[in-house]
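The structure under discussion appears below in the form of structure tokens.
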Amino acid sequence: MEIAVGDPVTLAVLVPLCPLAAFALTWLLARKRPAAAAALSLAAVSVSLALSVILLAGQVQAPAEIRADLPWMPAGHLLIRMGILLNPLSALMIVIVSAVSLLVQVYSLGYMKGDPAFPRFFSYLSLFSFSMLTLVLADNFILLYMAWELVGLCSYLLIGFWYHKPEAARAAKKAFVVTRVGDLGFLVGILVLSLLAGTFDFQEVARFIGAGSVPQGQVTLVVLLLFCGAVGKSGQFPLHVWLPDAMEGPTPVSALIHSATMVAAGVFMVARLYTIFQASADALRVVASLGAFTAAFAALIALAQDDIKRVLAYSTISQLGYMMLALGAGGYGAGLFHLTTHAAFKTLLFLGAGSVIHVLGTNDLRRMGGLGRRMPVTAVAFGVAVLAIAGIFPLSGFWSKDAILEAVRSSGQTAAYAAALGTVFLTALYMSRLFFLAFTGAPRGEQAPHESPAVMTVPMIILAALAIGLGVIGSPLAVRGIEGFLDPASPRPALDIGMLLLSNGLAAAGIMVALAVFGPWRTPASLSRRPSGPFHAVLANKFYIDELYMLVIRGLYFTLTRVIAWFDRHVVDGMVNLVGGASTRGGTLLRRTVGGKVQGYALMVTGGTLAVLVLLLLAGLGVFGQGGGGR
Amino acid sequence: MQVTLTHYLVLAALLFCIGIYGAVSRKNAIGILMALELVFNAVNLTFVAAGRFRPAPDAVGQLFALFVIAAAAAESVLGLAIILAIYRRRVVVNADEMDLMKH
């Protein structure tokens, strides 16, 4: 590999390496120096962002596949490479990842101020940036899987950042274990696919699958195994349970990892391997159906949550379901367009929520209210994000959501289309509920809130601008549009007035319902009270999925472990004890022959020699049959 | 009567057995050493006889016997020295009581 300054390959390699260097340097030099740790981390991610923007600009001018390639682990005839593949998709992703990382790190300067583990926090953020950037640049399954697990590790470390809180430690473990379920399928899928194709390289595997020599059933199975990884990472039903609990981590972490970047890795993976996924229409239908179901399911749960971050977590699950639905329905560009706009407005929502939590010290919506007057910047930014996620024209969320709806409608999957439309209504409803409960009406908490420092509000203002304007890249105003950039075959974006009226009508209805039920005119007492009724109970308890899992685990898993424990204690230990006991008893017997009498030993040596001689003699005489001949 | 190799070998075997019997049954350590000398001599006798009765008799058997005598002398010196050392420390020459290795 040749290194030349300004060469796109060099730049692309440097993008993930800068945060890695910051991570290493923080641990070597700045473990006790918060300012130095933050400076290192911010400098590294700024460089990454600058390089990413240069690379993306290059891709926009002339889309090309740029590859860097170096051997990593030669194992026999199998060579594992550490290569990167920069194409429009990964160029877009590195910009999203490094931009969100930068904004969140700036925000963290204020949010994490005074935390005793401040340098550790920034070192983890750097490690995460490195892992995520490697993930999106990887050109083969091994590197992808390594980065995939590394971001999982960072997620674990950052959810459990305040490890002295038992809930945080438990949530970190839960996130790690639940995603492991999906990752197992992913790993098996990778191994099967690579064994079939004889290579780990994405493009070669895709070519191999495209050649059609593998039976359709096997392709579907392998693709679904790969999809398992995406289900775990992107919090799709039924492995969504870890994501709401992951909100125990610091809020900037929730914004960076659990809304904008890492949880989108599943969507990204499906997109990166899209040609492989396209080889199986059945698998794509599963992706679309599961995405549609998750989108509606999580939106329903979000209606009844009282923890501000949990509402946002379920909203993230729901929106990720939307992206999966788009990819499954053939809307490749639409899904990634939504990933892009979602990164902007969901990060903004989390940063706004963090700003509220930072000054109030509580996550509980029932103890908020009336924050709009005290925290105007946060409230306005949050309001923009709410309108964007609700898909109100002409904010960014509108364009990406309509692109998805368009793709689903043209794919002809009626049930999925209905679920997607229902989710538009539900999204507007729960997000407006959140906004009204937190920012309008009379205050229900005791604290006197104040606006957050500029270091926290400036990233929110930047993100608000993006949440408003980012939609332009997928609107008819753009020359080519993001969908055309990612997939040259897709048509030029157009504005469908019917779709606009339909989606905005649904969103407006959602906002109106929220206004009627949770609006500023309601008394604080009526908003603090928990509503009753079976419907609310089911939603507030998240459809009892966690309870169901515990029941299954108690019933099946613990019974199984008891059987295994019995087997271990009585059979495995029994055999070990048998060996031990036999040795002891045999030793006691043999001990008697070794009495310390020299002449006794001499007699035994003589007797033994005699016995051998006699045996040889007899063998020589042929007593033991034909084979015993001595010579 | 013609003295053949068999006669020598039978004599050597008898000497060997007497020596082994003595080495195993004597209580006195010096007696054991003496019995071992008998074993050596049985071996020497075998060497010399075998050398004498080879198809082309030569001195090789006697040469071996000389080596064995030298080795046996050294062995006796070493054995006696050990017995003396043990006697000085523990005032025993009885082989049954020399059981330090057991512990």
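Identifiers for the structure tokens are assigned positionally: chains receive A, B, ... in sequence, residues are indexed from 1 per chain, and ligands are indexed from 1 in the order shown.
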Exercise for review: Could you give me, as a PyMOL selection string, each residue of range 292-373 of chain A that DSSP assigns to helix (DSSP H, G or I) when run on this structure's backbone?
Suggested key: chain A and resi 292-302+308-328+332-360+365-367+371-373
Exercise for review: Report as an NGL selection string the set of chain A residues whose atoms approach chain B to within 8 Å, with distances computed over only C-alpha atoms.
Suggested key: :A and (594-600 or 602-603)
Exercise for review: Can you pull out every residue within 12 Å of Gly217 in chain A, counting only C-alpha atoms, but drop anything in the same chain fewer than 3 positions away, and send it as an NGL selection string?
Suggested key: :A and (212-214 or 220-224 or 279-283)
Selected residues, N, CA and C atoms, written as a CSV table (one decimal), in the first residue's frame, please.
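out-v8.csv, freshly written:
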chain,number,residue,atom,x,y,z
A,212,GLY,N,-25.3,-17.2,-8.3
A,212,GLY,CA,-26.5,-18.1,-8.3
A,212,GLY,C,-26.1,-19.5,-8.1
A,213,SER,N,-24.9,-19.9,-7.7
A,213,SER,CA,-24.6,-21.3,-7.5
A,213,SER,C,-25.1,-21.9,-6.2
A,214,VAL,N,-25.6,-21.0,-5.3
A,214,VAL,CA,-26.0,-21.5,-4.0
A,214,VAL,C,-27.6,-21.6,-4.1
A,220,THR,N,-31.3,-17.6,1.7
A,220,THR,CA,-32.3,-17.0,2.6
A,220,THR,C,-31.8,-17.3,4.0
A,221,LEU,N,-31.5,-18.5,4.3
A,221,LEU,CA,-31.1,-18.8,5.7
A,221,LEU,C,-29.8,-18.0,6.1
A,222,VAL,N,-28.8,-18.0,5.3
A,222,VAL,CA,-27.6,-17.2,5.6
A,222,VAL,C,-27.9,-15.8,5.8
A,223,VAL,N,-28.7,-15.2,4.9
A,223,VAL,CA,-29.0,-13.8,5.0
A,223,VAL,C,-29.8,-13.5,6.3
A,224,LEU,N,-30.7,-14.4,6.7
A,224,LEU,CA,-31.4,-14.2,7.9
A,224,LEU,C,-30.5,-14.3,9.1
A,279,ALA,N,-30.3,-10.9,-2.8
A,279,ALA,CA,-30.4,-12.2,-3.4
A,279,ALA,C,-31.5,-13.1,-2.9
A,280,SER,N,-32.1,-12.7,-1.8
A,280,SER,CA,-33.2,-13.4,-1.2
A,280,SER,C,-34.4,-12.5,-1.0
A,281,ALA,N,-35.4,-12.7,-1.8
A,281,ALA,CA,-36.6,-11.8,-1.7
A,281,ALA,C,-37.3,-12.2,-0.4
A,282,ASP,N,-37.3,-13.4,0.0
A,282,ASP,CA,-37.9,-13.8,1.3
A,282,ASP,C,-37.3,-13.1,2.5
A,283,ALA,N,-36.0,-13.1,2.5
A,283,ALA,CA,-35.3,-12.5,3.6
A,283,ALA,C,-35.6,-11.0,3.7
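Comparing the minimum interatomic distances between Phe40 in chain B and each of B:Val92, B:Ile82, B:Ala65, B:Val77, counting only C-alpha atoms, we find that B:Ala65 sits nearest.
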Practice item. Would you list the contacts of Gly51 in chain B as a list of chain:residue names, taking every protein, DNA or RNA residue within 10 Å and counting only C-alpha atoms, but skipping same-chain residues closer than 6 positions in sequence? Key: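 Contacts, in chain order: B:Leu45, B:Pro57, B:Asp58, B:Ala59, B:Val60, B:Gly61, B:Gln62, B:Leu63, B:Phe64.
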Exercise for review: Quote the spacing between CA of Leu5 in chain B and CA of Ala73 in chain B in Å to one decimal place.
Suggested key: 26.9 Å
When you look at Ala38 in chain A with a cut-off of 8 Å (counting only C-alpha atoms), what residues show up, excluding the ones that are within fewer than 5 positions of it in the same chain? I need them as an mmCIF file with N, CA and C atoms, in the first residue's frame.
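Printed below is part-v9.cif as written:
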data_model
loop_
_atom_site.group_PDB
_atom_site.id
_atom_site.type_symbol
_atom_site.label_atom_id
_atom_site.label_comp_id
_atom_site.auth_asym_id
_atom_site.auth_seq_id
_atom_site.Cartn_x
_atom_site.Cartn_y
_atom_site.Cartn_z
ATOM 1 N N LEU A 109 -18.445 18.279 27.372
ATOM 2 C CA LEU A 109 -17.595 19.174 28.161
ATOM 3 C C LEU A 109 -18.419 19.820 29.263
ATOM 4 N N PRO A 119 -11.612 11.960 32.372
ATOM 5 C CA PRO A 119 -10.706 11.461 31.316
ATOM 6 C C PRO A 119 -11.119 10.088 30.799
ATOM 7 N N PHE A 122 -13.866 10.449 28.189
ATOM 8 C CA PHE A 122 -13.437 10.882 26.859
ATOM 9 C C PHE A 122 -12.619 9.806 26.161
#
Point to revise | Closest of A:Arg492, A:Leu349, A:Arg562, A:Asp573 to Ala464 in chain A - atom-to-atom distances counting only C-alpha atoms | key: A:Leu349
Exercise for review: Point out the residue among A:Met324, A:Ala62, A:Leu290, A:Leu426 with the least atom-to-atom distance to Ala265 in chain A, counting only C-alpha atoms.
Suggested key: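 Between A:Met324, A:Ala62, A:Leu290, A:Leu426, the residue approaching Ala265 in chain A most closely is A:Met324.
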